[in-house]
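Below is one structure, written out as structure tokens; the observations come after it.
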Amino acid sequence: MIEKHQKLLNSNEEAAAFVLMNVTAGSEEQVIDDAKAIGCVKEAYLCFSIYDLILKIETNSMNELKDLLAHKYRSIKNVKSVLTLILSEENLALKPFLNYFLTDKLKKKESSEEIFSEEKSIQNFAPLILGNN
């Protein structure tokens, strides 16, 4: 298992991570703008929990992701602390399937209850699709 994760961390393939940030109160928008200016931010969320912001970062390689995390995002003004959750290659492989499946289902569903039920059922299929690694 450790070898598998080491391979991921040293790969030159697509990489993604969620970056959870604590920032100075009132600086949330400035931090999001600065992070977007650095690049590779696909989604940004303001939170009311332990963390103030969650960024979803996608890069072309793990080396690019590591460089952005170590030298760019952490040095943004008003960022107090950062927690990084690097996505496994299984999550990256599943992404196109889930996007297609959910988009197709959303077109057909009328009620939000049906949509929520469908999204939840996809989470149950993930281990089957990924081969129960």
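Residues are named by chain letter and number: chains run A, B, ... in the order of the structure tokens, numbers start at 1 in each chain, and ligands are numbered from 1 in the order shown.
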Which polymer residues have any atom within 12 Å of an atom of Lys72 in chain A, counting only C-alpha atoms, with same-chain residues fewer than 6 positions away left out, as a count of residues only? 13
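Relative to CA of Asn22 in chain A, CA of Cys47 in chain A is found at 9.9 Å.
Between Ile54 in chain A and the residues A:Asn78, A:Phe18, A:Val41, A:Ser27, the shortest atom-to-atom distance, using only C-alpha atoms, involves A:Phe18.
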Any idea what the distance is between CA of Glu14 in chain A and CA of Ser81 in chain A? 25.3 Å
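Going from CA of Ala70 in chain A over to CA of Gly26 in chain A, you cover 24.0 Å.
Once Leu55 in chain A and its same-chain neighbours fewer than 4 positions away are set aside, A:Phe18, A:Val19, A:Leu20, A:Val41, A:Lys42, A:Glu43, A:Ala44, A:Tyr45 remain within 8 Å of it when counting only C-alpha atoms.
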